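*Asks:* Next up is a structure, given as C-alpha cells.
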Amino acid sequence: MVQAIRFNETGGPEVLRLENIDVGEPGPGQARVRHTYIAVNFIDIYFRTGRYPLALPNGLGSDAVGVVEAVGPDVTGIAPGDRVGYLIGPQGAYSQARVMPADLLIPLPDGISDSTAATLMMKGMTAQYLFRQVYPLKGGETILYHAAAGGVGLIACQWARAMGVTMIGTVSTDEKAAVAKANGCTHTIVTSRENIAQRVRELTGGKGVPVVYDSVGKDTLEASLDSLQPRGSLVSNGTSSGPVVIDSQLLAAKGSLWVTRPAMMHYIQPRSHMLDMARELFDHVLTGNIVSEPQQTFALADAADAHRALEGRRTTGATVLVP
C-alpha cells in the first residue's frame, strides 16, 4: 500500500484527499516507479475542476521522477534501479509510487538531479515543443511570451537567451519581472500597470512580433492579437484565465493571422522522438544554458495548498510535491 492523492468529485482544492491505495506488480510492458519528486502543473487544476473531464474517482498528476522498483515481462531499455521521469500517461502521479507503461519513461542522465528533472519533464519539454516544433525559432527573432516567470516561462527565458532570441515576457508583478530578467528575458511587461500591445509596439519599433506564445488565454487574447505582425502566429498553449474564442473575421482584419492550439500528445510521439526531445533539453541543462530547480516545495499530503498557491498566482518557477 502507498499513499496517493485522490478526488471523488470536481471542485476546489478541498476535494483532494490523501488515501492509501494498492499499487500492485507491473504487468507486461509496465514498470513500477517509486517517486522522489512530483511536479504540479496548471493542467492539474483543469482536471480537478472538471474543465478537462475525468472518470471519477481518480488520481491526479501526469508528471514525476523517481526510481524504477520493478519491471514486468517484455520490458526492454528500463531496469530496476534506473532513474526515470515521465510527463504523459494516465492521471495518478500524485502518489508515492505507481505502475506506468514502460515506454513512457525517460531515463535521466547522471548529471541531472531528481529535483532538477522534476522541473523539466513537462515544463522543459513544453518549452522544447513550443520553441522547436510548434513555431520553430531559428534565432534572432523577437517574440512575446506570456507568464514569463512561471514554471515553463523561466525555462523558456533561458532557452530563448541560448538561441539568441529577444524575448518580451509578460508578468504580473515587478518582483516576477526581476526573476524573469535574471533568467534571460530581454524585456518584461508588468500587466498590472502596462498596456501589453502598446509596449510590444514600442519595443519593436511599431512592427509587432511574428509569434506570441500565450498560456493565459481569455484575458490576454486581444493583446496577443494586437501584438502580432501581419501573418503572425498566435500559439495558444494554455487557458489559465478562461477559454479562447476567436471570430475568424477578426484574424483577417488584424493582419491575416494564424492561430494554433497545440497539445503535447501530438508533438511527443513516437517514443524515439520523445527521447530526442529530452536529449536536446538535457543537453542545454548539462552545458549550463538552462538552470532549473523547484521554487516551491510541498509535502504530498499538502497538494491542496500547492493548488491554492498556483491558482492564487503566488508562485514563480516550478512547484513540486515530495512524497
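Each chain in the C-alpha cells gets a letter, A, B and so on, in the order shown; residues start at 1 in every chain, and ligands are counted from 1 in the order they appear.
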DSSP says strand (DSSP E or B) for which residues of stretch 70-175 of chain A? Put them as a list of chain:residue names?
*Replies:*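 Checking each residue of stretch 70-175 of chain A, the strand (DSSP E or B) ones are A:Ala70, A:Val71, A:Arg83, A:Val84, A:Gly85, A:Tyr86, A:Ser95, A:Ala97, A:Arg98, A:Val99, A:Met100, A:Pro101, A:Ile106, A:Pro107, A:Thr142, A:Ile143, A:Leu144, A:Tyr145, A:Gly150, A:Thr166, A:Met167, A:Ile168, A:Gly169, A:Thr170, A:Val171.
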*Asks:* Might you pull out every residue within 9 Å of A:Glu19, with only C-alpha atoms counted and same-chain residues fewer than 3 positions away left off, and present them as number ranges by chain?
*Replies:* A: 2-6
*Asks:* Neighbours of stretch 134-140 of chain A within 10 Å (only C-alpha atoms; same-chain residues fewer than 2 positions away dropped), as a PyMOL selection string?
*Replies:* chain A and resi 128-132+142-143+160-166+210-213+233-235+237+260-264+267
*Asks:* Kindly export the residues of the current selection with N, CA and C atoms, as a short mmCIF file (atom, residue, chain, number, x, y, z; two decimals), in the first residue's frame.
*Replies:*
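After the write, out-v9.cif holds the following:
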```cif
data_model
loop_
_atom_site.label_atom_id
_atom_site.label_comp_id
_atom_site.auth_asym_id
_atom_site.auth_seq_id
_atom_site.Cartn_x
_atom_site.Cartn_y
_atom_site.Cartn_z
N GLN A 128 10.48 22.98 -25.16
CA GLN A 128 11.08 22.38 -26.36
C GLN A 128 10.10 22.35 -27.52
N TYR A 129 8.89 21.83 -27.26
CA TYR A 129 7.98 21.68 -28.41
C TYR A 129 7.42 23.01 -28.87
N LEU A 130 7.29 23.99 -27.96
CA LEU A 130 6.83 25.31 -28.39
C LEU A 130 7.86 26.01 -29.25
N PHE A 131 9.11 26.01 -28.80
CA PHE A 131 10.17 26.76 -29.48
C PHE A 131 10.79 26.02 -30.65
N ARG A 132 10.75 24.70 -30.63
CA ARG A 132 11.47 23.92 -31.64
C ARG A 132 10.57 23.21 -32.63
N THR A 142 12.25 38.35 -32.40
CA THR A 142 11.71 38.96 -31.19
C THR A 142 10.34 38.36 -30.98
N ILE A 143 10.08 37.81 -29.78
CA ILE A 143 8.84 37.10 -29.51
C ILE A 143 8.16 37.69 -28.28
N ALA A 160 15.41 30.86 -24.81
CA ALA A 160 15.44 31.98 -25.76
C ALA A 160 16.81 32.65 -25.75
N ARG A 161 17.35 32.89 -24.56
CA ARG A 161 18.68 33.51 -24.46
C ARG A 161 19.73 32.65 -25.12
N ALA A 162 19.66 31.34 -24.92
CA ALA A 162 20.65 30.44 -25.52
C ALA A 162 20.57 30.44 -27.04
N MET A 163 19.37 30.70 -27.60
CA MET A 163 19.19 30.70 -29.04
C MET A 163 19.42 32.08 -29.67
N GLY A 164 19.64 33.10 -28.85
CA GLY A 164 19.78 34.44 -29.40
C GLY A 164 18.45 35.06 -29.79
N VAL A 165 17.39 34.67 -29.10
CA VAL A 165 16.05 35.21 -29.34
C VAL A 165 15.76 36.33 -28.33
N THR A 166 15.24 37.45 -28.82
CA THR A 166 14.83 38.55 -27.94
C THR A 166 13.43 38.24 -27.42
N PRO A 210 6.49 38.31 -34.67
CA PRO A 210 5.99 37.27 -35.58
C PRO A 210 5.22 36.17 -34.87
N VAL A 211 5.44 36.02 -33.55
CA VAL A 211 4.78 34.95 -32.82
C VAL A 211 4.53 35.36 -31.37
N VAL A 212 3.39 34.95 -30.84
CA VAL A 212 3.06 35.13 -29.43
C VAL A 212 2.77 33.74 -28.86
N TYR A 213 3.41 33.42 -27.76
CA TYR A 213 3.12 32.19 -27.03
C TYR A 213 2.26 32.57 -25.83
N SER A 233 1.72 34.58 -35.94
CA SER A 233 1.14 33.37 -35.38
C SER A 233 0.89 33.49 -33.88
N LEU A 234 -0.32 33.16 -33.48
CA LEU A 234 -0.65 33.05 -32.07
C LEU A 234 -0.62 31.58 -31.68
N VAL A 235 0.30 31.23 -30.80
CA VAL A 235 0.36 29.87 -30.26
C VAL A 235 -0.38 29.89 -28.93
N ASN A 237 -1.26 28.11 -26.08
CA ASN A 237 -0.83 26.87 -25.43
C ASN A 237 -1.34 26.73 -23.99
N THR A 260 -2.94 28.56 -33.55
CA THR A 260 -2.88 27.12 -33.31
C THR A 260 -3.04 26.85 -31.84
N ARG A 261 -3.70 25.73 -31.50
CA ARG A 261 -3.85 25.29 -30.11
C ARG A 261 -3.18 23.92 -30.00
N PRO A 262 -1.86 23.91 -29.74
CA PRO A 262 -1.13 22.64 -29.74
C PRO A 262 -1.36 21.84 -28.47
N ALA A 263 -1.23 20.53 -28.58
CA ALA A 263 -1.28 19.62 -27.44
C ALA A 263 -0.01 18.77 -27.47
N MET A 264 0.61 18.63 -26.30
CA MET A 264 1.85 17.87 -26.19
C MET A 264 1.76 16.50 -26.85
N TYR A 267 2.91 16.09 -30.37
CA TYR A 267 4.27 16.50 -30.71
C TYR A 267 5.33 15.61 -30.08
#
```
*Asks:* Find the spatial neighbours of A:Thr239, counting only C-alpha atoms, within a cut-off of 8 Å - ignore same-chain residues fewer than 5 positions away - and output them as a list in words.
*Replies:*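 Here the answer would be Ser215, Val216, Gly217, Lys218 and Val244 of chain A.
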*Asks:* Leaving out A:Pro101 and any residue of its chain fewer than 5 positions from it, which residues lie within 8 Å of it when counting only C-alpha atoms, given as a ChimeraX atom specification?
*Replies:* /A:29-31,89
*Asks:* Identify, on the basis of only C-alpha atoms, every residue whose closest approach to A:His284 does not exceed 9 Å; exclude the query and any residue fewer than 5 positions from it along the same chain; express the result as a ChimeraX atom specification.
*Replies:* /A:159,162,279,289-291
*Asks:* Grab the residues selected above and save them as a short mmCIF file (atom, residue, chain, number, x, y, z; two decimals), in the first residue's frame with C-alpha atoms.
*Replies:*
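Output below, filename part_7.cif:
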```
data_model
loop_
_atom_site.label_atom_id
_atom_site.label_comp_id
_atom_site.auth_asym_id
_atom_site.auth_seq_id
_atom_site.Cartn_x
_atom_site.Cartn_y
_atom_site.Cartn_z
CA TRP A 159 16.17 28.73 -23.89
CA ALA A 162 20.65 30.44 -25.52
CA ARG A 279 18.09 14.72 -25.12
CA ASN A 289 22.33 27.02 -20.70
CA ILE A 290 19.34 26.11 -18.55
CA VAL A 291 19.40 26.00 -14.75
#
```
*Asks:* From the DSSP assignment of the backbone, select every residue of stretch 244-319 of chain A that is helix (DSSP H, G or I), and format the answer as number ranges by chain.
*Replies:* A: 248-253, 264-266, 271-286, 300-311
*Asks:* Skipping near chain neighbours, those fewer than 2 positions away, what residues fall within 8 Å of A:Asn58 using only C-alpha atoms, listed as number ranges by chain?
*Replies:* A: 6-8, 54-56, 60, 91-92
*Asks:* For each of A:Gly50, A:Gly238, A:Gly77, A:Pro294, take the minimum atom-to-atom distance to A:Ala147, counting only C-alpha atoms, then give the residue where this is smallest.
*Replies:* A:Gly238
